[in-house]
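Trainee: Below is the file data-v2.cif, which contains mmCIF, C-alpha atoms.
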```
data_query
loop_
_atom_site.label_atom_id
_atom_site.label_comp_id
_atom_site.auth_asym_id
_atom_site.auth_seq_id
_atom_site.Cartn_x
_atom_site.Cartn_y
_atom_site.Cartn_z
CA MET A 1 42.13 69.78 112.38
CA SER A 2 45.36 71.61 111.96
CA LEU A 3 47.92 71.35 114.74
CA ASP A 4 48.05 73.84 117.57
CA LYS A 5 51.38 74.99 118.99
CA THR A 6 51.55 72.00 121.30
CA GLY A 7 50.87 69.67 118.38
CA ILE A 8 53.69 71.20 116.36
CA ALA A 9 56.04 70.86 119.33
CA LYS A 10 54.97 67.23 119.89
CA ARG A 11 55.59 66.30 116.27
CA ILE A 12 59.01 67.97 116.24
CA ALA A 13 59.90 66.14 119.45
CA GLN A 14 59.62 62.89 117.47
CA GLU A 15 62.57 64.04 115.35
CA VAL A 16 64.88 64.26 118.35
CA GLN A 17 67.10 61.22 118.82
CA ASP A 18 68.89 59.72 121.76
CA GLY A 19 72.24 61.35 122.50
CA MET A 20 71.68 64.50 120.46
CA TYR A 21 72.90 67.97 121.40
CA VAL A 22 69.97 70.25 120.62
CA ASN A 23 69.47 74.01 120.52
CA LEU A 24 65.87 75.15 120.97
CA GLY A 25 64.77 78.60 119.87
CA ILE A 26 62.23 80.79 121.63
CA GLY A 27 58.48 80.08 121.33
CA ILE A 28 57.17 76.75 120.03
CA PRO A 29 60.69 75.24 119.92
CA THR A 30 61.02 75.73 123.69
CA LEU A 31 57.90 73.56 124.14
CA VAL A 32 59.61 70.66 122.35
CA ALA A 33 61.57 69.90 125.53
CA ASN A 34 58.30 68.93 127.24
CA TYR A 35 57.45 66.19 124.74
CA LEU A 36 60.73 64.39 124.09
CA PRO A 37 60.28 60.64 123.58
CA LYS A 38 60.48 58.60 126.76
CA GLY A 39 63.74 56.85 127.45
CA ILE A 40 66.00 59.08 125.37
CA GLU A 41 68.59 61.43 126.71
CA VAL A 42 69.45 64.71 125.00
CA GLU A 43 71.55 67.67 126.01
CA LEU A 44 69.95 71.05 125.51
CA GLN A 45 72.31 73.86 124.54
CA SER A 46 71.43 77.39 125.56
CA GLU A 47 73.52 79.81 123.53
CA ASN A 48 74.08 82.21 126.42
CA GLY A 49 76.50 79.61 127.74
CA LEU A 50 75.01 76.38 129.09
CA LEU A 51 74.99 72.79 127.97
CA GLY A 52 72.65 70.50 129.86
CA MET A 53 69.77 72.87 130.52
CA GLY A 54 67.35 71.69 133.18
CA PRO A 55 63.72 72.60 133.87
CA PHE A 56 62.46 75.86 135.38
CA PRO A 57 63.29 76.20 139.08
CA PHE A 58 60.77 75.75 141.85
CA GLU A 59 59.44 78.98 143.28
CA GLY A 60 61.96 80.46 145.69
CA GLU A 61 64.88 78.67 144.04
CA GLU A 62 65.38 81.10 141.15
CA ASP A 63 68.98 82.16 140.57
CA ALA A 64 69.58 85.48 138.81
CA ASP A 65 72.89 84.15 137.48
CA LEU A 66 71.25 81.15 135.83
CA ILE A 67 69.07 81.91 132.82
CA ASN A 68 68.45 80.57 129.33
CA ALA A 69 68.69 82.40 126.02
CA GLY A 70 65.12 83.62 126.49
CA LYS A 71 66.28 85.20 129.77
CA GLN A 72 64.08 82.83 131.77
CA THR A 73 65.29 81.41 135.07
CA ILE A 74 66.29 77.77 134.66
CA THR A 75 68.23 75.04 136.44
CA THR A 76 71.19 72.78 135.71
CA LEU A 77 71.29 68.98 135.62
CA PRO A 78 74.01 66.57 136.72
CA GLY A 79 76.78 67.01 134.15
CA SER A 80 75.78 70.52 133.08
CA VAL A 81 78.54 72.89 132.04
CA PHE A 82 78.87 76.66 131.64
CA PHE A 83 81.01 78.48 129.08
CA ASP A 84 81.38 81.93 127.53
CA SER A 85 79.50 83.20 124.49
CA ALA A 86 82.43 82.70 122.08
CA MET A 87 82.75 79.04 122.97
CA SER A 88 78.99 78.70 122.78
CA PHE A 89 78.92 79.93 119.20
CA GLY A 90 82.12 78.01 118.56
CA MET A 91 80.29 74.75 119.22
CA ILE A 92 77.43 75.97 117.03
CA ARG A 93 79.71 77.08 114.17
CA GLY A 94 81.82 73.97 114.57
CA GLN A 95 78.68 71.84 114.06
CA LYS A 96 78.94 70.11 117.41
CA VAL A 97 75.27 70.88 118.00
CA ASP A 98 73.33 68.16 116.17
CA LEU A 99 69.94 69.78 115.79
CA THR A 100 68.61 73.32 115.78
CA ILE A 101 64.89 73.93 116.14
CA LEU A 102 63.63 77.44 115.56
CA GLY A 103 60.65 79.47 114.46
CA ALA A 104 60.22 81.28 111.15
CA MET A 105 58.08 83.97 109.58
CA GLU A 106 58.83 82.72 106.06
CA VAL A 107 60.70 79.85 104.43
CA SER A 108 61.44 79.60 100.72
CA GLU A 109 61.43 76.47 98.58
CA ASN A 110 65.24 76.50 98.43
CA GLY A 111 65.50 76.56 102.23
CA ASP A 112 66.05 80.28 102.88
CA ILE A 113 64.62 81.47 106.17
CA ALA A 114 63.35 84.87 107.35
CA ASN A 115 62.61 85.25 111.05
CA TRP A 116 64.18 88.39 112.45
CA LYS A 117 62.89 91.55 110.83
CA VAL A 118 59.71 93.01 109.41
CA PRO A 119 60.34 96.28 107.55
CA GLY A 120 58.43 99.16 109.10
CA LYS A 121 58.10 97.41 112.43
CA MET A 122 60.38 97.67 115.43
CA VAL A 123 63.46 95.58 114.79
CA LYS A 124 64.58 93.67 117.83
CA GLY A 125 67.61 92.01 116.33
CA MET A 126 68.67 88.59 115.18
CA GLY A 127 70.20 87.43 118.46
CA GLY A 128 71.91 84.13 117.72
CA ALA A 129 69.60 83.09 114.88
CA MET A 130 71.93 84.02 112.01
CA ASP A 131 74.83 82.12 113.57
CA LEU A 132 72.63 79.09 114.18
CA VAL A 133 71.13 78.87 110.70
CA ALA A 134 74.44 79.53 108.96
CA SER A 135 76.15 76.61 110.65
CA ALA A 136 73.67 74.01 111.87
CA LYS A 137 73.88 70.51 110.43
CA ASN A 138 70.18 70.00 110.73
CA ILE A 139 67.54 72.69 111.07
CA ILE A 140 63.88 72.02 111.74
CA VAL A 141 61.53 74.96 111.56
CA ALA A 142 58.36 75.26 113.62
CA MET A 143 55.92 77.66 111.99
CA GLN A 144 52.37 78.57 111.10
CA HIS A 145 51.67 77.64 107.50
CA CYS A 146 49.84 80.91 106.71
CA ASP A 147 49.76 84.39 108.17
CA LYS A 148 46.65 85.80 109.83
CA ALA A 149 45.32 87.01 106.48
CA GLY A 150 45.64 83.48 105.09
CA ASN A 151 48.71 84.08 102.93
CA SER A 152 51.14 81.20 102.62
CA LYS A 153 54.44 81.52 104.48
CA LEU A 154 55.99 78.66 102.49
CA LEU A 155 57.05 80.69 99.47
CA PRO A 156 58.92 80.52 96.16
CA SER A 157 61.25 83.11 97.69
CA CYS A 158 61.15 85.02 100.96
CA THR A 159 59.76 88.57 100.90
CA LEU A 160 61.16 89.52 104.32
CA PRO A 161 64.84 90.21 105.06
CA LEU A 162 66.66 86.88 105.28
CA THR A 163 68.18 85.29 108.34
CA GLY A 164 70.05 82.68 106.32
CA VAL A 165 70.14 81.04 102.92
CA LYS A 166 69.59 77.42 101.83
CA CYS A 167 69.64 76.07 105.35
CA VAL A 168 66.22 74.75 106.38
CA LYS A 169 65.98 70.95 106.12
CA LYS A 170 62.54 70.29 107.53
CA ILE A 171 59.38 72.19 108.45
CA VAL A 172 56.61 71.22 110.82
CA SER A 173 53.69 73.58 110.30
CA ASP A 174 50.16 73.43 111.62
CA LEU A 175 49.24 71.61 108.39
CA GLY A 176 51.98 69.03 108.02
CA VAL A 177 55.57 67.89 107.82
CA PHE A 178 57.76 68.95 104.90
CA GLU A 179 61.24 68.12 103.80
CA VAL A 180 62.96 71.01 102.03
CA LYS A 181 65.24 69.79 99.26
CA ASP A 182 65.98 70.17 95.56
CA GLY A 183 64.18 73.52 95.42
CA ALA A 184 60.82 72.30 96.70
CA PHE A 185 58.73 71.54 99.76
CA HIS A 186 58.16 67.78 99.90
CA LEU A 187 54.98 66.94 101.80
CA LEU A 188 55.63 63.88 103.97
CA GLU A 189 52.81 63.97 106.50
CA VAL A 190 49.58 65.88 107.00
CA ALA A 191 48.02 66.93 110.29
CA PRO A 192 45.04 64.79 111.35
CA GLY A 193 42.02 65.82 109.27
CA VAL A 194 43.99 68.04 106.91
CA THR A 195 43.78 67.08 103.24
CA VAL A 196 46.55 67.14 100.66
CA GLU A 197 44.34 69.51 98.66
CA GLU A 198 44.27 71.99 101.54
CA VAL A 199 48.06 71.87 101.83
CA LYS A 200 48.37 72.40 98.07
CA ALA A 201 46.04 75.38 98.20
CA LYS A 202 47.92 76.96 101.08
CA THR A 203 51.48 76.43 99.83
CA ALA A 204 52.72 79.15 97.49
CA GLY A 205 56.15 77.63 96.89
CA LYS A 206 56.80 74.55 94.79
CA LEU A 207 55.18 71.58 96.50
CA ILE A 208 55.91 67.95 95.78
CA VAL A 209 53.50 65.49 97.34
CA SER A 210 55.27 62.27 98.20
CA ASP A 211 53.77 59.00 97.05
CA ASN A 212 52.71 57.87 100.46
CA VAL A 213 51.71 60.89 102.51
CA LYS A 214 50.86 59.75 106.02
CA GLU A 215 48.81 61.32 108.72
CA ILE A 216 50.82 62.55 111.68
CA VAL A 217 50.62 60.06 114.53
CA PHE A 218 51.40 61.01 118.11
CA MET B 219 106.51 95.81 143.38
CA PRO B 220 103.66 93.33 143.49
CA ILE B 221 100.99 93.72 140.90
CA ASN B 222 97.91 95.26 142.43
CA LYS B 223 95.05 96.42 140.27
CA VAL B 224 92.65 97.31 143.00
CA VAL B 225 90.82 100.60 142.87
CA LYS B 226 88.46 101.85 145.55
CA ASN B 227 85.17 101.83 143.71
CA ALA B 228 83.34 102.46 140.45
CA GLU B 229 84.08 106.18 140.66
CA GLU B 230 87.82 105.63 140.66
CA ALA B 231 87.62 102.83 138.09
CA CYS B 232 85.69 104.94 135.58
CA LYS B 233 87.34 108.31 136.22
CA ASP B 234 89.03 108.70 132.81
CA ILE B 235 86.16 107.49 130.62
CA LYS B 236 85.27 110.36 128.31
CA ASP B 237 82.43 111.60 126.16
CA GLY B 238 82.47 109.81 122.83
CA ASN B 239 84.34 106.71 124.06
CA THR B 240 83.55 103.21 122.87
CA ILE B 241 82.78 100.85 125.74
CA LEU B 242 82.29 97.09 125.73
CA LEU B 243 79.86 96.03 128.47
CA GLY B 244 79.47 92.44 129.61
CA GLY B 245 76.18 90.70 130.35
CA PHE B 246 73.36 88.83 128.67
CA GLY B 247 70.04 90.53 129.27
CA LEU B 248 70.39 91.68 132.88
CA CYS B 249 72.48 88.63 133.81
CA GLY B 250 76.07 89.47 134.68
CA ILE B 251 75.93 93.20 133.94
CA PRO B 252 78.37 95.57 135.68
CA GLU B 253 75.74 97.32 137.79
CA ASN B 254 78.10 99.56 139.78
CA CYS B 255 79.91 100.95 136.75
CA ILE B 256 76.70 101.53 134.80
CA SER B 257 75.41 103.63 137.71
CA GLN B 258 78.69 105.50 137.70
CA LEU B 259 78.48 106.26 133.96
CA VAL B 260 74.99 107.65 134.58
CA LYS B 261 76.31 109.78 137.44
CA MET B 262 79.19 111.10 135.31
CA ASN B 263 76.72 112.37 132.68
CA LEU B 264 78.93 111.13 129.88
CA THR B 265 77.48 111.63 126.41
CA ASN B 266 77.91 110.38 122.85
CA LEU B 267 78.96 106.95 124.05
CA THR B 268 79.19 103.98 121.73
CA CYS B 269 78.14 100.95 123.75
CA VAL B 270 78.80 97.39 122.64
CA SER B 271 76.62 95.00 124.58
CA ASN B 272 74.54 91.98 123.61
CA ASN B 273 71.39 93.71 124.85
CA ALA B 274 70.38 97.19 125.90
CA GLY B 275 68.89 96.57 129.33
CA VAL B 276 65.30 97.34 130.24
CA ASP B 277 63.72 100.77 130.68
CA ASP B 278 64.77 101.29 134.27
CA PHE B 279 67.78 99.02 134.68
CA GLY B 280 71.04 98.14 133.01
CA LEU B 281 71.93 100.17 129.93
CA GLY B 282 68.35 101.44 129.93
CA LEU B 283 69.52 103.89 132.60
CA LEU B 284 72.02 105.42 130.15
CA LEU B 285 69.43 105.48 127.40
CA GLN B 286 66.97 107.34 129.60
CA LYS B 287 69.46 110.18 129.90
CA LYS B 288 70.32 110.03 126.19
CA GLN B 289 73.96 109.31 126.93
CA ILE B 290 74.33 106.71 124.20
CA LYS B 291 74.92 107.77 120.60
CA LYS B 292 75.32 104.31 119.17
CA MET B 293 74.47 100.79 120.32
CA ILE B 294 76.06 97.67 118.87
CA SER B 295 73.98 94.68 119.97
CA SER B 296 72.43 91.43 118.80
CA TYR B 297 69.02 91.77 120.44
CA VAL B 298 67.34 94.82 121.90
CA GLY B 299 63.73 93.81 122.31
CA GLU B 300 62.97 94.66 125.91
CA ASN B 301 63.21 98.42 126.09
CA ALA B 302 60.57 100.99 125.11
CA GLU B 303 62.85 104.02 125.40
CA PHE B 304 65.36 102.28 123.18
CA GLU B 305 62.64 101.71 120.60
CA ARG B 306 61.56 105.34 120.72
CA GLN B 307 65.09 106.68 120.25
CA MET B 308 65.83 104.20 117.49
CA LEU B 309 62.67 104.99 115.51
CA SER B 310 63.16 108.75 115.91
CA GLY B 311 66.74 108.45 114.67
CA GLU B 312 68.27 109.83 117.88
CA LEU B 313 70.04 106.54 118.48
CA GLU B 314 72.22 104.81 115.95
CA VAL B 315 71.85 101.04 116.15
CA ASP B 316 74.06 98.38 114.64
CA LEU B 317 72.51 94.94 115.00
CA ILE B 318 74.94 92.08 114.52
CA PRO B 319 74.69 88.31 115.01
CA GLN B 320 75.36 87.20 118.57
CA GLY B 321 78.17 84.81 117.66
CA THR B 322 79.77 87.52 115.55
CA LEU B 323 79.62 89.90 118.52
CA ALA B 324 81.29 87.33 120.77
CA THR B 325 83.94 86.38 118.25
CA ARG B 326 84.82 89.98 117.38
CA CYS B 327 85.65 90.38 121.08
CA LEU B 328 87.62 87.15 121.09
CA ALA B 329 89.61 88.28 118.05
CA ALA B 330 90.52 91.57 119.73
CA GLY B 331 91.65 89.70 122.84
CA TYR B 332 93.67 87.25 120.80
CA GLY B 333 95.42 89.93 118.76
CA MET B 334 93.72 89.03 115.50
CA PRO B 335 92.42 91.86 113.28
CA ALA B 336 89.41 90.06 111.87
CA ILE B 337 87.48 86.81 111.65
CA TYR B 338 85.57 84.94 108.96
CA THR B 339 82.11 83.72 109.90
CA PRO B 340 79.24 82.21 107.92
CA ALA B 341 76.68 84.10 110.03
CA GLY B 342 74.84 86.64 107.90
CA VAL B 343 76.01 85.44 104.47
CA GLY B 344 73.31 86.29 101.92
CA THR B 345 71.53 88.67 104.32
CA GLU B 346 71.61 92.43 104.83
CA VAL B 347 74.30 91.90 107.47
CA ALA B 348 76.66 91.04 104.58
CA GLU B 349 76.17 94.38 102.81
CA GLY B 350 79.51 96.06 102.14
CA LYS B 351 81.52 93.26 103.69
CA GLU B 352 84.21 91.10 102.13
CA VAL B 353 82.95 87.61 101.31
CA ARG B 354 85.46 84.84 100.95
CA ASN B 355 84.94 81.24 99.98
CA PHE B 356 86.71 78.52 101.94
CA ASN B 357 86.17 74.90 100.94
CA GLY B 358 83.03 75.70 99.01
CA LYS B 359 81.31 77.78 101.69
CA ASP B 360 81.02 81.57 101.88
CA TYR B 361 82.15 83.52 104.93
CA LEU B 362 81.96 87.21 105.89
CA MET B 363 84.97 89.08 107.15
CA GLU B 364 84.21 90.86 110.41
CA TYR B 365 86.67 93.13 112.20
CA ALA B 366 87.86 92.74 115.76
CA PHE B 367 86.43 95.37 118.09
CA ASP B 368 88.55 98.39 118.86
CA ALA B 369 87.22 99.73 122.15
CA ASP B 370 88.56 102.30 124.59
CA PHE B 371 87.20 100.50 127.63
CA ALA B 372 85.71 97.16 128.60
CA ILE B 373 83.59 96.96 131.73
CA VAL B 374 82.79 93.52 133.07
CA LYS B 375 81.27 91.86 136.10
CA ALA B 376 82.70 88.73 137.73
CA TRP B 377 81.74 86.68 140.75
CA LYS B 378 85.16 86.52 142.36
CA GLY B 379 88.42 88.21 141.56
CA ASP B 380 91.80 88.69 143.19
CA THR B 381 93.94 91.79 143.48
CA LYS B 382 95.93 90.72 140.41
CA GLY B 383 92.76 90.84 138.34
CA ASN B 384 92.22 87.09 137.94
CA LEU B 385 88.50 86.44 137.51
CA ILE B 386 86.00 83.68 138.10
CA PHE B 387 82.47 83.98 136.79
CA ARG B 388 79.35 82.26 138.04
CA ALA B 389 76.87 80.19 136.00
CA THR B 390 75.47 81.91 132.90
CA SER B 391 76.55 85.34 134.12
CA ARG B 392 79.86 84.50 132.43
CA ASN B 393 78.42 85.07 128.90
CA PHE B 394 80.30 87.97 127.21
CA ASN B 395 82.21 89.08 130.30
CA PRO B 396 85.56 87.30 129.83
CA LEU B 397 85.52 88.04 126.08
CA MET B 398 84.93 91.73 126.51
CA ALA B 399 87.52 91.83 129.27
CA MET B 400 90.06 90.51 126.79
CA ALA B 401 89.08 93.08 124.17
CA GLY B 402 89.29 96.40 126.04
CA LYS B 403 92.27 98.73 125.79
CA ILE B 404 91.51 99.40 129.45
CA THR B 405 89.48 96.76 131.24
CA ILE B 406 87.57 97.40 134.43
CA ALA B 407 86.25 94.46 136.43
CA GLU B 408 83.76 94.75 139.26
CA VAL B 409 83.40 91.66 141.43
CA GLU B 410 81.09 90.43 144.13
CA GLU B 411 84.01 89.18 146.18
CA LEU B 412 87.57 90.50 146.01
CA VAL B 413 90.21 88.21 147.49
CA GLU B 414 93.97 88.09 147.98
CA PRO B 415 96.27 86.30 145.51
CA GLY B 416 96.41 82.61 146.29
CA GLN B 417 92.81 82.36 147.37
CA LEU B 418 91.61 81.41 143.90
CA ASP B 419 92.50 77.99 142.57
CA PRO B 420 94.71 78.68 139.50
CA ASP B 421 92.94 75.86 137.68
CA ALA B 422 89.55 77.42 138.33
CA ILE B 423 90.30 80.94 137.06
CA HIS B 424 88.32 81.74 133.91
CA LEU B 425 90.17 84.90 132.89
CA PRO B 426 93.83 85.61 133.63
CA GLY B 427 94.39 88.96 135.32
CA ILE B 428 96.74 90.11 132.55
CA TYR B 429 93.60 91.23 130.71
CA VAL B 430 92.30 93.29 133.63
CA HIS B 431 93.60 96.76 134.47
CA ARG B 432 91.36 97.78 137.35
CA ILE B 433 89.36 95.73 139.78
CA PHE B 434 87.10 96.61 142.69
CA GLN B 435 84.61 94.99 144.97
CA GLY B 436 81.16 96.10 143.91
CA MET B 437 78.31 96.77 146.27
CA ASP B 438 74.54 96.61 146.52
CA TYR B 439 74.03 94.17 143.67
CA GLU B 440 70.39 94.04 142.70
CA LYS B 441 70.79 91.19 140.17
CA ARG B 442 67.38 91.74 138.73
CA ILE B 443 65.67 88.82 137.01
CA GLU B 444 64.16 89.67 133.64
CA GLN B 445 61.90 86.64 133.10
CA ARG B 446 61.15 84.93 136.37
CA THR B 447 59.93 81.49 135.36
CA VAL B 448 59.13 78.72 137.82
CA ARG B 449 57.46 75.32 137.86
CA ALA B 450 54.94 74.06 140.39
CA LYS B 451 56.11 71.69 143.08
CA ALA B 452 54.85 68.20 142.30
#
```
In structure tokens, how does this file's structure come out?
Mentor:
Amino acid sequence: MSLDKTGIAKRIAQEVQDGMYVNLGIGIPTLVANYLPKGIEVELQSENGLLGMGPFPFEGEEDADLINAGKQTITTLPGSVFFDSAMSFGMIRGQKVDLTILGAMEVSENGDIANWKVPGKMVKGMGGAMDLVASAKNIIVAMQHCDKAGNSKLLPSCTLPLTGVKCVKKIVSDLGVFEVKDGAFHLLEVAPGVTVEEVKAKTAGKLIVSDNVKEIVF
Amino acid sequence: MPINKVVKNAEEACKDIKDGNTILLGGFGLCGIPENCISQLVKMNLTNLTCVSNNAGVDDFGLGLLLQKKQIKKMISSYVGENAEFERQMLSGELEVDLIPQGTLATRCLAAGYGMPAIYTPAGVGTEVAEGKEVRNFNGKDYLMEYAFDADFAIVKAWKGDTKGNLIFRATSRNFNPLMAMAGKITIAEVEELVEPGQLDPDAIHLPGIYVHRIFQGMDYEKRIEQRTVRAKA
């Protein structure tokens, strides 16, 4: 069984360590906050100007002045802090944010990422994604391994317009966990019930299967 | 004579904005947008505007109101996903759109406010954003040169302000507001609460009034929420 969105989020949550400053992108990455390991403390950075993002508010307690980068109403936590957008991207560019988790449409074997534009379709813009991928120390990508037609999205080189080059360090797809280094996808773990053969068949880019591929454990 | 930047209302604040001007507008989504001045720009029927704003509002609120009346010639934004009329005008070629990384947008404002002509940023290196731009290598990493904004007006929204133009913002409605305020040749601030000098703690002021040319107390703030998201009570 390949992982569903929740499964991908749960596996990525295992990568988050105590004391980290983390920026979560929209979609599956946002779900990661729900599955962080017990007993650890992390600070979530929202690039519209908040460090220490809390959960959604209770009904009736929404505050129009308090939203996250997905424009959802949120709350603060003890020790939260607000700042302007330049400082927000200053802490991103200055590599103060330890971990960036975001979605992708394509990743190439050398770590290029495409996630903002599909030619011929309405272009919504890159938002903060280009700033994040250009500067982050550690980027983990949450993505579907193949598109709806079954074509691999882990490619020798991206076909879509790029968001950033040589920046992705790790991928958690519905099929497994991959380290991206030395011009290849290194398979570290497979989703429960997924075979190495299936991953090989569905990965168009250069794939290196590590000696001891494990099954993902939750 | 004491410094007093107070104008009566949005009408007086915006009176000399002209067709074809470039305007920086604060806000992130619908959070912290200058609602009063946007309504005034609609009322003035200005055309051919170049608007610099992180987003373009929604169909019936924020900058969407200016788009509806085809008052905007060019939008410079980082993300514009929430607006059908925007999409229609962009695809038909009626609206020129320059999409730039969000941090680049913020820092180009900062540069203008700090008197610096340009910045170097890694955002967009190796992508189509880099096309035609100077690339320079510092310590082994490539950076793009991006120019400071040169805008006729900046229009921002603050929570509190005093008659000298000192501003305090609230929560995440701060976003681009202080940066754009610094970057305008003429900066207009609308505030929810206008107070006398001395009523704001000097240590708590986010933007010094030297950057603000006109200030007024806004009215009838709708403060619309774009994505109302709540959790169930346990």
Trainee: Which chain A residues have any atom within 6 Å of an atom of chain B, and for each, what is the nearest pair of atoms with distance in Å to one decimal, counting only C-alpha atoms, rows sorted by chain and number, as CSV?
Mentor:
```
residue,atom,partner,partner_atom,distance
A:Asn48,CA,B:Asn393,CA,5.8
A:Gly49,CA,B:Thr390,CA,5.7
A:Phe56,CA,B:Val448,CA,5.0
A:Pro57,CA,B:Val448,CA,5.0
A:Phe58,CA,B:Arg449,CA,5.2
A:Glu59,CA,B:Val448,CA,5.5
A:Ala64,CA,B:Ile443,CA,5.4
A:Asp65,CA,B:Ser391,CA,5.1
A:Leu66,CA,B:Thr390,CA,5.2
A:Lys71,CA,B:Gln445,CA,5.7
A:Gln72,CA,B:Gln445,CA,4.6
A:Thr73,CA,B:Thr447,CA,5.4
A:Phe82,CA,B:Ala389,CA,6.0
A:Asp84,CA,B:Asn393,CA,4.5
A:Ser85,CA,B:Asn393,CA,4.9
A:Ala86,CA,B:Ala324,CA,4.9
A:Phe89,CA,B:Gly321,CA,5.2
A:Lys124,CA,B:Gly299,CA,4.6
A:Gly125,CA,B:Tyr297,CA,4.4
A:Met126,CA,B:Ser296,CA,5.9
A:Gly127,CA,B:Ser296,CA,4.6
A:Gly128,CA,B:Gln320,CA,4.7
A:Met130,CA,B:Ala341,CA,5.1
A:Asp131,CA,B:Ala341,CA,4.5
A:Ala134,CA,B:Ala341,CA,5.2
A:Leu162,CA,B:Thr345,CA,5.3
```
Trainee: Could you state the separation of atom CA of Lys375 of chain B and atom CA of Met219 of chain B in Å, given to one decimal place?
Mentor: 26.6 Å
Trainee: When you count all atoms listed in the file, which of these residues is closest to Asp419 of chain B: B:His431, B:Lys403, B:Lys378, B:Lys351?
Mentor: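 Among the listed residues, B:Lys378 lies closest to Asp419 of chain B.
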Trainee: Using only C-alpha atoms, which of A:Ile8, A:Leu24, A:Leu44, A:Val177 sits nearest Ala142 of chain A?
Mentor: A:Ile8
Trainee: Quick check on the file I pasted: which residues fall under the PyMOL selection byres ((chain A and resi 192) around 7)? Write them as a short mmCIF file (atom, residue, chain, number, x, y, z; two decimals) with C-alpha atoms, keeping the file's coordinate frame.
Mentor:
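Below is the file that was written, part.cif:
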```cif
data_model
loop_
_atom_site.label_atom_id
_atom_site.label_comp_id
_atom_site.auth_asym_id
_atom_site.auth_seq_id
_atom_site.Cartn_x
_atom_site.Cartn_y
_atom_site.Cartn_z
CA MET A 1 42.13 69.78 112.38
CA SER A 2 45.36 71.61 111.96
CA VAL A 190 49.58 65.88 107.00
CA ALA A 191 48.02 66.93 110.29
CA GLY A 193 42.02 65.82 109.27
CA VAL A 194 43.99 68.04 106.91
CA GLU A 215 48.81 61.32 108.72
CA ILE A 216 50.82 62.55 111.68
#
```
Trainee: Translate the PyMOL selection byres ((chain B and resi 241) around 10), as applied to the file shown, into an explicit residue set as a PDB file with C-alpha atoms, in the coordinates of the input.
Mentor:
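Saved result, selection13.pdb, follows:
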```pdb
ATOM      1  CA  ILE B 235      86.160 107.490 130.620  1.00  0.00           C
ATOM      2  CA  GLY B 238      82.470 109.810 122.830  1.00  0.00           C
ATOM      3  CA  ASN B 239      84.340 106.710 124.060  1.00  0.00           C
ATOM      4  CA  THR B 240      83.550 103.210 122.870  1.00  0.00           C
ATOM      5  CA  LEU B 242      82.290  97.090 125.730  1.00  0.00           C
ATOM      6  CA  LEU B 243      79.860  96.030 128.470  1.00  0.00           C
ATOM      7  CA  GLY B 244      79.470  92.440 129.610  1.00  0.00           C
ATOM      8  CA  LEU B 267      78.960 106.950 124.050  1.00  0.00           C
ATOM      9  CA  THR B 268      79.190 103.980 121.730  1.00  0.00           C
ATOM     10  CA  CYS B 269      78.140 100.950 123.750  1.00  0.00           C
ATOM     11  CA  VAL B 270      78.800  97.390 122.640  1.00  0.00           C
ATOM     12  CA  SER B 271      76.620  95.000 124.580  1.00  0.00           C
ATOM     13  CA  MET B 293      74.470 100.790 120.320  1.00  0.00           C
ATOM     14  CA  ASP B 368      88.550  98.390 118.860  1.00  0.00           C
ATOM     15  CA  ALA B 369      87.220  99.730 122.150  1.00  0.00           C
ATOM     16  CA  ASP B 370      88.560 102.300 124.590  1.00  0.00           C
ATOM     17  CA  PHE B 371      87.200 100.500 127.630  1.00  0.00           C
ATOM     18  CA  ALA B 372      85.710  97.160 128.600  1.00  0.00           C
ATOM     19  CA  ILE B 373      83.590  96.960 131.730  1.00  0.00           C
ATOM     20  CA  MET B 398      84.930  91.730 126.510  1.00  0.00           C
ATOM     21  CA  GLY B 402      89.290  96.400 126.040  1.00  0.00           C
ATOM     22  CA  LYS B 403      92.270  98.730 125.790  1.00  0.00           C
ATOM     23  CA  ILE B 404      91.510  99.400 129.450  1.00  0.00           C
ATOM     24  CA  THR B 405      89.480  96.760 131.240  1.00  0.00           C
TER      25      THR B 405
END
```
Trainee: Selection in question (the file shown): the PyMOL selection byres ((chain B and resi 303) around 8). Which residues does it include, as a count of residues only?
Mentor: 10
Trainee: Could you state the separation of atom CA of Met122 of chain A and atom CA of Glu47 of chain A in Å, given to one decimal place?
Mentor: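 If I compute the distance from atom CA of Met122 of chain A to atom CA of Glu47 of chain A, I get 23.6 Å.
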Trainee: Extract, using all atoms listed in the file, all DNA, RNA and protein residues at most 9 Å from Pro426 of chain B, discarding same-chain residues fewer than 3 positions from it, and format them as an MDAnalysis selection string.
Mentor: chainID B and resid 382:385 423 429:430
